[in-house]
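Worksheet: the structure to be examined is printed underneath.
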Amino acid sequence: MTGAGRVHNFGAGPAVLPLEVVSEVAEALPNLSGSGFGLLEVSHRSGTFQNVIDSAEERVRRVLSVPDDYHVLFLQGGASTQFYMTALNLLGNEGKADFLITGGWSQKAIKEAGRVGDAEAAWDGSDDGFVSVPSNGDYAIRDEAGYMHYTSNNTLFGTQFHHLPDSGGKPRVVDASSDICGTPLDVSSHDLVYAGAQKNLGPSGVTLVILSPWAVSKIGEGVPTMLDYRTHVSKGSMFNTPNTFGIFVLDRVMAWVERNGGLEGAIERNRKKASLLYEELDRTPFWAPHANTDSRSVMNVTWRLANHDLEPAFLEEAAASGLGGLKGHRSVGGIRASMYNGCPIESVEALVSFMRRFEARHG
Ligand SMILES: *Cc1c(COP(=O)(O)O)cnc(C)c1O
């Protein structure tokens with residue numbers, strides 16, 4: 001597969017996948033692993049698929065150094081279902097949880113948790129337009145809180161935690177949808193990790209959930225079957241028909257990560273890509289980066305043009321140069337370049353070189 005005609009894809013999700021993985025998918029479509037059954041046509045109860053899901057789980061465990069007694073699940077409903085499901089399972093009757101509100105996704109998470117129990121913002125960056133994440137010491141977690149929830153990377157506004165946020169000794173729950181397997185993550189310091197796959201791990205429609213024994217022990221009675229983590233733990237993510245296609249692609253992405261230096265390799269590549277782009281954004285006041293320097297995301301880079309009126313031309317000319325998916329989220333405006341694991345450095349080089357030409361023409 002040559003990839004001819006593909007754009008440099010900076011879309012925020014679903015996002016670009018390594019071309020090698022796309023080729024493997026194409027190959028498996030008519031016949032998965034020589035089974036004679038096509039990838040979209042194989043039973044989840046077959047040995048062929050059991051091998052796929054086992055392999056995906058093992059790779060996730062290896063790449064993320066998941067503690068042996070933690071559970072790894074592949075669920076549906078997106079990270080958005082986890083906003084509610086985490087609270088439903090962990091809060092029980094009259095439970096309390098504290099949230100760090102660093103952007104639109106954490107706002108959605110606290111809203112859903114509030115349907116279940118007492119969900120309070122320990123810190124909220126909305127007044128500042130979400131230009132930063134809090135430092136330890138900027139907030140306090142309530143003594144009676146059962147856990148702390150945070151969003152490790154703020155996909156919309158382009159900020160990211162570069163430290164493990166203090167939880168006042170409480171269990172940590174993290175929405176790692178937009179930086180999982182792309183930046184450092186100490187799973188053992190968390191009790192629940194969840195991530196929609198469509199940014200760093202594969203296609204949309206599969207959600208990775210990692211649970212500690214503590215998290216499982218908190219689940220009370222009366223949780224609807226499909227929303228009870230124990231259902232999926234006991235059935236190996238196959239209580240009902242899982243997203244077989246998505247799990248296959250996730251396994252292939254994780255194999256690609258492993259072939260390319262594992263988590264360390266991914267971290268290094270993502271840092272390189274991000275420095276390349278931030279260097280250009282800091283070079284000239286023609287660009288106005290959104291996030292405060294110490295909170296800058298390596299995965300989603302957001303900026304305005306100092307002259308906002310030039311933004312439509314920027315996006316139009318970028319598209320004509322084969323650079324796609326750069327329109328900023330409507331809550332921020334401007335430009336956003338998402339550079340997840342599957343985004344090659346060549347795409348970022350092409351973007352930076354386009355930006356220089358654009359500034360020369362319009363600056
Ligand atoms: C994309 C994203 C979500 C939403 O994921 P869905 O799978 O579409 O529900 C949630 N949280 C974060 C941090 C995201 O980046």
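Ligands are numbered from 1 in the order shown, chains are lettered A, B, ... in the order of the structure tokens, and residues start at 1 in each chain.
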
For this session: Go through the chains and note each residue within 10 Å of ligand 1, using only C-alpha atoms and all ligand atoms, then give the set as a PyMOL selection string.
Result: chain A and resi 12-14+76-83+102-109+150-156+174-180+194-200+203-208+300

Output N, CA and C atoms for every residue in that selection, as a compact mmCIF listing (two decimals), in the first residue's frame.
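Output contents, as saved in out-v8.txt:
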# COMPACT_ATOMS: atom_id res chain seq x y z
N ALA A 12 -8.42 15.67 14.94
CA ALA A 12 -8.41 15.45 16.40
C ALA A 12 -8.96 14.08 16.78
N GLY A 13 -9.57 13.37 15.87
CA GLY A 13 -10.07 12.04 16.15
C GLY A 13 -11.46 11.86 15.55
N PRO A 14 -11.68 10.72 14.88
CA PRO A 14 -10.70 9.71 14.50
C PRO A 14 -9.49 10.34 13.81
N GLN A 76 -17.56 -0.43 24.75
CA GLN A 76 -18.14 0.43 23.72
C GLN A 76 -18.78 1.66 24.39
N GLY A 77 -19.27 2.56 23.59
CA GLY A 77 -19.91 3.75 24.15
C GLY A 77 -18.96 4.93 24.30
N GLY A 78 -17.73 4.75 23.92
CA GLY A 78 -16.79 5.88 23.93
C GLY A 78 -16.38 6.31 25.33
N ALA A 79 -15.42 7.21 25.38
CA ALA A 79 -15.01 7.78 26.65
C ALA A 79 -16.21 8.48 27.30
N SER A 80 -17.12 8.97 26.48
CA SER A 80 -18.27 9.71 27.01
C SER A 80 -19.15 8.85 27.92
N THR A 81 -19.28 7.56 27.61
CA THR A 81 -20.03 6.67 28.50
C THR A 81 -19.30 6.49 29.83
N GLN A 82 -17.96 6.56 29.78
CA GLN A 82 -17.18 6.40 31.01
C GLN A 82 -17.39 7.56 31.98
N PHE A 83 -17.78 8.74 31.46
CA PHE A 83 -18.05 9.86 32.37
C PHE A 83 -19.07 9.44 33.43
N THR A 102 -10.24 21.06 33.50
CA THR A 102 -9.22 21.67 32.64
C THR A 102 -9.70 21.86 31.21
N GLY A 103 -10.98 21.63 30.95
CA GLY A 103 -11.48 21.82 29.59
C GLY A 103 -12.84 21.19 29.40
N GLY A 104 -13.28 21.18 28.16
CA GLY A 104 -14.63 20.73 27.82
C GLY A 104 -14.91 19.29 28.22
N TRP A 105 -13.91 18.42 28.12
CA TRP A 105 -14.17 17.02 28.45
C TRP A 105 -14.33 16.83 29.95
N SER A 106 -13.51 17.55 30.75
CA SER A 106 -13.73 17.40 32.20
C SER A 106 -15.05 18.01 32.62
N GLN A 107 -15.49 19.07 31.92
CA GLN A 107 -16.81 19.64 32.23
C GLN A 107 -17.91 18.60 31.99
N LYS A 108 -17.76 17.85 30.90
CA LYS A 108 -18.77 16.82 30.62
C LYS A 108 -18.70 15.70 31.66
N ALA A 109 -17.47 15.36 32.07
CA ALA A 109 -17.30 14.27 33.03
C ALA A 109 -17.95 14.61 34.37
N TYR A 150 -9.38 13.44 36.78
CA TYR A 150 -8.79 14.49 35.95
C TYR A 150 -8.66 14.02 34.51
N THR A 151 -8.42 14.97 33.62
CA THR A 151 -8.25 14.70 32.20
C THR A 151 -6.78 14.97 31.88
N SER A 152 -6.04 13.92 31.52
CA SER A 152 -4.58 14.09 31.43
C SER A 152 -4.17 15.03 30.32
N ASN A 153 -4.92 15.02 29.22
CA ASN A 153 -4.60 15.92 28.11
C ASN A 153 -5.89 16.55 27.62
N ASN A 154 -5.83 17.86 27.52
CA ASN A 154 -7.02 18.62 27.19
C ASN A 154 -7.06 18.85 25.68
N THR A 155 -7.77 17.94 25.02
CA THR A 155 -7.81 17.83 23.57
C THR A 155 -8.25 19.11 22.87
N LEU A 156 -9.21 19.81 23.47
CA LEU A 156 -9.78 20.98 22.79
C LEU A 156 -8.89 22.21 22.91
N VAL A 174 -8.50 8.70 35.69
CA VAL A 174 -8.05 9.60 34.63
C VAL A 174 -8.71 9.28 33.30
N ASP A 175 -9.16 10.33 32.63
CA ASP A 175 -9.55 10.24 31.23
C ASP A 175 -8.30 10.54 30.41
N ALA A 176 -7.73 9.49 29.84
CA ALA A 176 -6.46 9.63 29.10
C ALA A 176 -6.69 9.47 27.60
N SER A 177 -7.90 9.82 27.15
CA SER A 177 -8.27 9.56 25.76
C SER A 177 -7.28 10.11 24.75
N SER A 178 -6.77 11.32 25.00
CA SER A 178 -5.99 11.93 23.92
C SER A 178 -4.49 11.89 24.14
N ASP A 179 -4.01 11.23 25.19
CA ASP A 179 -2.55 11.07 25.26
C ASP A 179 -2.10 9.69 25.70
N ILE A 180 -3.03 8.73 25.74
CA ILE A 180 -2.63 7.40 26.20
C ILE A 180 -1.63 6.77 25.23
N TYR A 194 -9.27 5.43 31.59
CA TYR A 194 -10.10 5.14 30.42
C TYR A 194 -9.70 6.01 29.25
N ALA A 195 -9.94 5.49 28.06
CA ALA A 195 -9.55 6.21 26.86
C ALA A 195 -10.32 5.70 25.66
N GLY A 196 -10.97 6.59 24.94
CA GLY A 196 -11.52 6.26 23.63
C GLY A 196 -10.33 5.96 22.73
N ALA A 197 -10.48 4.96 21.85
CA ALA A 197 -9.30 4.51 21.08
C ALA A 197 -8.95 5.42 19.91
N GLN A 198 -9.89 6.27 19.49
CA GLN A 198 -9.76 6.87 18.16
C GLN A 198 -8.72 7.97 18.03
N LYS A 199 -7.96 8.22 19.08
CA LYS A 199 -6.89 9.21 18.96
C LYS A 199 -5.53 8.54 18.84
N ASN A 200 -5.19 7.74 19.83
CA ASN A 200 -3.85 7.13 19.83
C ASN A 200 -3.83 5.63 19.62
N PRO A 203 -9.32 2.83 15.87
CA PRO A 203 -10.49 3.50 15.32
C PRO A 203 -11.48 3.87 16.42
N SER A 204 -12.53 4.57 16.08
CA SER A 204 -13.58 4.88 17.04
C SER A 204 -14.37 3.62 17.35
N GLY A 205 -15.10 3.64 18.46
CA GLY A 205 -15.99 2.52 18.77
C GLY A 205 -15.43 1.51 19.74
N VAL A 206 -14.21 1.71 20.20
CA VAL A 206 -13.69 0.85 21.26
C VAL A 206 -13.04 1.74 22.30
N THR A 207 -13.30 1.43 23.56
CA THR A 207 -12.79 2.23 24.67
C THR A 207 -11.98 1.33 25.58
N LEU A 208 -10.75 1.74 25.81
CA LEU A 208 -9.88 1.00 26.72
C LEU A 208 -10.18 1.44 28.15
N ASN A 300 -2.01 17.86 21.19
CA ASN A 300 -2.88 18.80 20.48
C ASN A 300 -2.30 20.20 20.66

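Listed by chain and then by rising number, the residues of region 68-196 of chain A that DSSP assigns to helix (DSSP H, G or I) from the backbone are Gly78, Ala79, Ser80, Thr81, Gln82, Phe83, Tyr84, Met85, Thr86, Ala87, Leu88, Asn89, Leu90, Gly104, Trp105, Ser106, Gln107, Lys108, Ala109, Ile110, Lys111, Glu112, Ala113, Ser126, Asp127, Asp128, Val187, Ser188 and Ser189 of chain A.
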
Take the residues from that selection and put them in a file with N, CA, C and O atoms, as an mmCIF file, in the first residue's frame.
data_model
loop_
_atom_site.group_PDB
_atom_site.id
_atom_site.type_symbol
_atom_site.label_atom_id
_atom_site.label_comp_id
_atom_site.auth_asym_id
_atom_site.auth_seq_id
_atom_site.Cartn_x
_atom_site.Cartn_y
_atom_site.Cartn_z
ATOM 1 N N GLY A 78 -17.725 4.754 23.924
ATOM 2 C CA GLY A 78 -16.789 5.875 23.934
ATOM 3 C C GLY A 78 -16.380 6.309 25.335
ATOM 4 O O GLY A 78 -16.929 5.839 26.343
ATOM 5 N N ALA A 79 -15.420 7.207 25.375
ATOM 6 C CA ALA A 79 -15.013 7.781 26.653
ATOM 7 C C ALA A 79 -16.206 8.482 27.299
ATOM 8 O O ALA A 79 -16.320 8.539 28.528
ATOM 9 N N SER A 80 -17.123 8.968 26.480
ATOM 10 C CA SER A 80 -18.275 9.712 27.007
ATOM 11 C C SER A 80 -19.151 8.847 27.916
ATOM 12 O O SER A 80 -19.733 9.349 28.876
ATOM 13 N N THR A 81 -19.279 7.555 27.611
ATOM 14 C CA THR A 81 -20.032 6.673 28.497
ATOM 15 C C THR A 81 -19.303 6.492 29.831
ATOM 16 O O THR A 81 -19.919 6.336 30.883
ATOM 17 N N GLN A 82 -17.960 6.561 29.779
ATOM 18 C CA GLN A 82 -17.178 6.399 31.007
ATOM 19 C C GLN A 82 -17.394 7.563 31.981
ATOM 20 O O GLN A 82 -17.187 7.410 33.182
ATOM 21 N N PHE A 83 -17.781 8.737 31.463
ATOM 22 C CA PHE A 83 -18.048 9.859 32.370
ATOM 23 C C PHE A 83 -19.070 9.441 33.428
ATOM 24 O O PHE A 83 -18.953 9.757 34.601
ATOM 25 N N TYR A 84 -20.085 8.711 32.976
ATOM 26 C CA TYR A 84 -21.159 8.267 33.865
ATOM 27 C C TYR A 84 -20.822 6.938 34.532
ATOM 28 O O TYR A 84 -21.046 6.740 35.729
ATOM 29 N N MET A 85 -20.268 6.039 33.749
ATOM 30 C CA MET A 85 -20.025 4.663 34.220
ATOM 31 C C MET A 85 -19.022 4.638 35.374
ATOM 32 O O MET A 85 -19.187 3.873 36.330
ATOM 33 N N THR A 86 -17.978 5.465 35.288
ATOM 34 C CA THR A 86 -17.002 5.504 36.378
ATOM 35 C C THR A 86 -17.706 5.883 37.681
ATOM 36 O O THR A 86 -17.557 5.211 38.700
ATOM 37 N N ALA A 87 -18.495 6.953 37.623
ATOM 38 C CA ALA A 87 -19.173 7.426 38.831
ATOM 39 C C ALA A 87 -20.177 6.388 39.326
ATOM 40 O O ALA A 87 -20.270 6.112 40.529
ATOM 41 N N LEU A 88 -20.914 5.789 38.411
ATOM 42 C CA LEU A 88 -21.944 4.811 38.787
ATOM 43 C C LEU A 88 -21.330 3.618 39.522
ATOM 44 O O LEU A 88 -21.912 3.081 40.469
ATOM 45 N N ASN A 89 -20.152 3.218 39.088
ATOM 46 C CA ASN A 89 -19.495 2.067 39.705
ATOM 47 C C ASN A 89 -18.734 2.425 40.979
ATOM 48 O O ASN A 89 -18.638 1.618 41.890
ATOM 49 N N LEU A 90 -18.164 3.619 41.024
ATOM 50 C CA LEU A 90 -17.254 3.938 42.131
ATOM 51 C C LEU A 90 -17.899 4.731 43.255
ATOM 52 O O LEU A 90 -17.404 4.724 44.379
ATOM 53 N N GLY A 104 -13.280 21.182 28.161
ATOM 54 C CA GLY A 104 -14.628 20.730 27.825
ATOM 55 C C GLY A 104 -14.913 19.290 28.216
ATOM 56 O O GLY A 104 -16.039 18.955 28.625
ATOM 57 N N TRP A 105 -13.913 18.420 28.120
ATOM 58 C CA TRP A 105 -14.170 17.018 28.447
ATOM 59 C C TRP A 105 -14.331 16.827 29.947
ATOM 60 O O TRP A 105 -15.164 16.035 30.390
ATOM 61 N N SER A 106 -13.511 17.548 30.749
ATOM 62 C CA SER A 106 -13.729 17.399 32.200
ATOM 63 C C SER A 106 -15.052 18.007 32.620
ATOM 64 O O SER A 106 -15.683 17.527 33.564
ATOM 65 N N GLN A 107 -15.493 19.068 31.922
ATOM 66 C CA GLN A 107 -16.811 19.636 32.231
ATOM 67 C C GLN A 107 -17.910 18.603 31.995
ATOM 68 O O GLN A 107 -18.863 18.483 32.762
ATOM 69 N N LYS A 108 -17.757 17.846 30.897
ATOM 70 C CA LYS A 108 -18.766 16.818 30.616
ATOM 71 C C LYS A 108 -18.700 15.703 31.656
ATOM 72 O O LYS A 108 -19.715 15.137 32.059
ATOM 73 N N ALA A 109 -17.471 15.363 32.069
ATOM 74 C CA ALA A 109 -17.298 14.268 33.035
ATOM 75 C C ALA A 109 -17.947 14.607 34.371
ATOM 76 O O ALA A 109 -18.654 13.784 34.967
ATOM 77 N N ILE A 110 -17.751 15.827 34.849
ATOM 78 C CA ILE A 110 -18.299 16.191 36.169
ATOM 79 C C ILE A 110 -19.822 16.270 36.100
ATOM 80 O O ILE A 110 -20.528 15.910 37.059
ATOM 81 N N LYS A 111 -20.342 16.694 34.960
ATOM 82 C CA LYS A 111 -21.792 16.790 34.813
ATOM 83 C C LYS A 111 -22.438 15.404 34.944
ATOM 84 O O LYS A 111 -23.447 15.228 35.646
ATOM 85 N N GLU A 112 -21.842 14.415 34.288
ATOM 86 C CA GLU A 112 -22.407 13.061 34.345
ATOM 87 C C GLU A 112 -22.247 12.457 35.739
ATOM 88 O O GLU A 112 -23.150 11.787 36.239
ATOM 89 N N ALA A 113 -21.089 12.689 36.368
ATOM 90 C CA ALA A 113 -20.871 12.143 37.709
ATOM 91 C C ALA A 113 -21.866 12.747 38.699
ATOM 92 O O ALA A 113 -22.302 12.093 39.647
ATOM 93 N N SER A 126 -11.854 27.464 33.828
ATOM 94 C CA SER A 126 -12.684 28.063 32.771
ATOM 95 C C SER A 126 -12.564 29.590 32.719
ATOM 96 O O SER A 126 -12.642 30.179 31.646
ATOM 97 N N ASP A 127 -12.347 30.234 33.887
ATOM 98 C CA ASP A 127 -12.264 31.702 33.877
ATOM 99 C C ASP A 127 -11.081 32.214 33.060
ATOM 100 O O ASP A 127 -11.123 33.318 32.525
ATOM 101 N N ASP A 128 -10.035 31.422 32.986
ATOM 102 C CA ASP A 128 -8.852 31.814 32.218
ATOM 103 C C ASP A 128 -8.868 31.286 30.792
ATOM 104 O O ASP A 128 -7.860 31.334 30.094
ATOM 105 N N VAL A 187 0.417 3.798 35.343
ATOM 106 C CA VAL A 187 -0.894 3.179 35.583
ATOM 107 C C VAL A 187 -1.054 2.821 37.060
ATOM 108 O O VAL A 187 -2.129 2.977 37.635
ATOM 109 N N SER A 188 0.040 2.376 37.693
ATOM 110 C CA SER A 188 -0.073 1.896 39.084
ATOM 111 C C SER A 188 -0.436 3.021 40.057
ATOM 112 O O SER A 188 -0.870 2.746 41.172
ATOM 113 N N SER A 189 -0.273 4.288 39.640
ATOM 114 C CA SER A 189 -0.686 5.409 40.493
ATOM 115 C C SER A 189 -2.154 5.779 40.286
ATOM 116 O O SER A 189 -2.612 6.802 40.804
#

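With distances restricted to only C-alpha atoms, A:Glu144 is the closest residue to Glu94 (chain A) from A:Glu144, A:Glu41, A:Glu311, A:Asp69.
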
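Counting only C-alpha atoms, the residue from A:Asn93, A:Leu164, A:Trp123, A:His71 that sits nearest to Trp214 (chain A) is A:His71.
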
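Each of A:Ser212, A:Ser338, A:Val131, A:Phe49 was checked against Gly34 (chain A) using only C-alpha atoms; the smallest atom-to-atom distance is that of A:Phe49.
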
For this session: Extract the full set of strand (DSSP E or B) residues from region 92-205 of chain A according to DSSP on the backbone, and format it as a PyMOL selection string.
Result: chain A and resi 96-101+118-124+147-151+153-154+159-160+172-175+192-196

For this session: Using only C-alpha atoms, determine which residues lie at most 9 Å from Ala97 (chain A), disregarding the query and same-chain residues fewer than 5 positions distant; provide the list as a VMD selection string.
Result: chain A and resid 87 91 110 113 117 to 121 141 to 142 144 to 149

For this session: Do a neighbour search on region 317-327 of chain A at 10 Å with only C-alpha atoms, toss out local chain neighbours closer than 2 positions, and write the hits as an MDAnalysis selection string.
Result: chainID A and resid 5:13 15 301:302 311:315 329:330 333:338 347:348 350:351 354:355 358

For this session: Determine the nearest neighbour of Arg283 (chain A) from the options A:Asn240, A:Glu316, A:Val352, A:Gly265, counting only C-alpha atoms.
Result: A:Val352

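Closest to Val66 (chain A) among A:Val193, A:Ala26, A:Ala122, A:Val16 is A:Val193, based on only C-alpha atoms.
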
Contact residues around region 290-298 of chain A with only C-alpha atoms at 6 Å, ignoring same-chain residues under 2 positions, as an mmCIF file with N, CA, C and O atoms, in the first residue's frame:
data_model
loop_
_atom_site.group_PDB
_atom_site.id
_atom_site.type_symbol
_atom_site.label_atom_id
_atom_site.label_comp_id
_atom_site.auth_asym_id
_atom_site.auth_seq_id
_atom_site.Cartn_x
_atom_site.Cartn_y
_atom_site.Cartn_z
ATOM 1 N N VAL A 131 -6.179 27.958 29.714
ATOM 2 C CA VAL A 131 -4.835 28.069 29.140
ATOM 3 C C VAL A 131 -3.806 27.242 29.904
ATOM 4 O O VAL A 131 -2.662 27.126 29.473
ATOM 5 N N SER A 132 -4.208 26.686 31.050
ATOM 6 C CA SER A 132 -3.222 25.917 31.818
ATOM 7 C C SER A 132 -3.910 24.819 32.619
ATOM 8 O O SER A 132 -5.134 24.799 32.760
ATOM 9 N N VAL A 133 -3.083 23.925 33.149
ATOM 10 C CA VAL A 133 -3.563 22.932 34.115
ATOM 11 C C VAL A 133 -3.050 23.373 35.481
ATOM 12 O O VAL A 133 -2.088 24.132 35.566
ATOM 13 N N GLY A 158 -5.622 22.217 24.163
ATOM 14 C CA GLY A 158 -4.195 21.989 23.959
ATOM 15 C C GLY A 158 -3.330 22.166 25.187
ATOM 16 O O GLY A 158 -2.219 22.694 25.104
ATOM 17 N N THR A 159 -3.864 21.735 26.347
ATOM 18 C CA THR A 159 -3.038 21.736 27.553
ATOM 19 C C THR A 159 -2.903 20.298 28.052
ATOM 20 O O THR A 159 -3.699 19.430 27.697
ATOM 21 N N GLN A 160 -1.910 20.077 28.900
ATOM 22 C CA GLN A 160 -1.614 18.709 29.337
ATOM 23 C C GLN A 160 -0.894 18.734 30.678
ATOM 24 O O GLN A 160 -0.069 19.615 30.925
ATOM 25 N N ALA A 274 6.306 17.830 18.730
ATOM 26 C CA ALA A 274 5.766 19.004 19.423
ATOM 27 C C ALA A 274 6.795 20.128 19.461
ATOM 28 O O ALA A 274 6.453 21.295 19.193
ATOM 29 N N ASN A 300 -2.008 17.857 21.189
ATOM 30 C CA ASN A 300 -2.880 18.799 20.479
ATOM 31 C C ASN A 300 -2.303 20.195 20.661
ATOM 32 O O ASN A 300 -2.234 20.702 21.778
ATOM 33 N N THR A 302 -2.616 24.133 19.904
ATOM 34 C CA THR A 302 -3.663 25.082 19.515
ATOM 35 C C THR A 302 -3.087 26.490 19.396
ATOM 36 O O THR A 302 -2.265 26.895 20.210
ATOM 37 N N TRP A 303 -3.489 27.198 18.384
ATOM 38 C CA TRP A 303 -3.046 28.586 18.247
ATOM 39 C C TRP A 303 -4.000 29.397 17.374
ATOM 40 O O TRP A 303 -4.836 28.835 16.677
#

Exercise. What lies within 8 Å of Asp251 (chain A) using only C-alpha atoms, ignoring chain neighbours under 6 positions off, as a PyMOL selection string?
Worked result: chain A and resi 52-53+55-57+59

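Here CA of Ser217 (chain A) stands at a distance of 10.4 Å from CA of Tyr229 (chain A).
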
May I have the residues within 6 Å of Tyr340 (chain A) as a tab-separated table (two decimals) with N, CA, C and O atoms, in the first residue's frame, using only C-alpha atoms and disregarding those fewer than 2 positions away in the same chain?
chain	number	residue	atom	x	y	z
A	200	ASN	N	-5.19	7.74	19.83
A	200	ASN	CA	-3.85	7.13	19.83
A	200	ASN	C	-3.83	5.63	19.62
A	200	ASN	O	-2.77	5.07	19.39
A	299	MET	N	0.32	16.65	22.32
A	299	MET	CA	-0.56	15.91	21.41
A	299	MET	C	-1.44	16.83	20.56
A	299	MET	O	-1.66	16.57	19.39
A	342	GLY	N	0.04	8.08	15.63
A	342	GLY	CA	0.10	7.68	14.22
A	342	GLY	C	0.57	8.78	13.30
A	342	GLY	O	0.79	8.54	12.11
A	343	CYS	N	0.75	9.98	13.81
A	343	CYS	CA	1.15	11.12	12.97
A	343	CYS	C	2.67	11.11	12.79
A	343	CYS	O	3.41	11.25	13.76

Exercise. With only C-alpha atoms as the atoms that count, which of A:His162, A:Lys170, A:Met226, A:Arg61 lies nearest to Met238 (chain A)?
Worked result: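 Of A:His162, A:Lys170, A:Met226, A:Arg61, the one nearest Met238 (chain A), counting only C-alpha atoms, is A:Met226.
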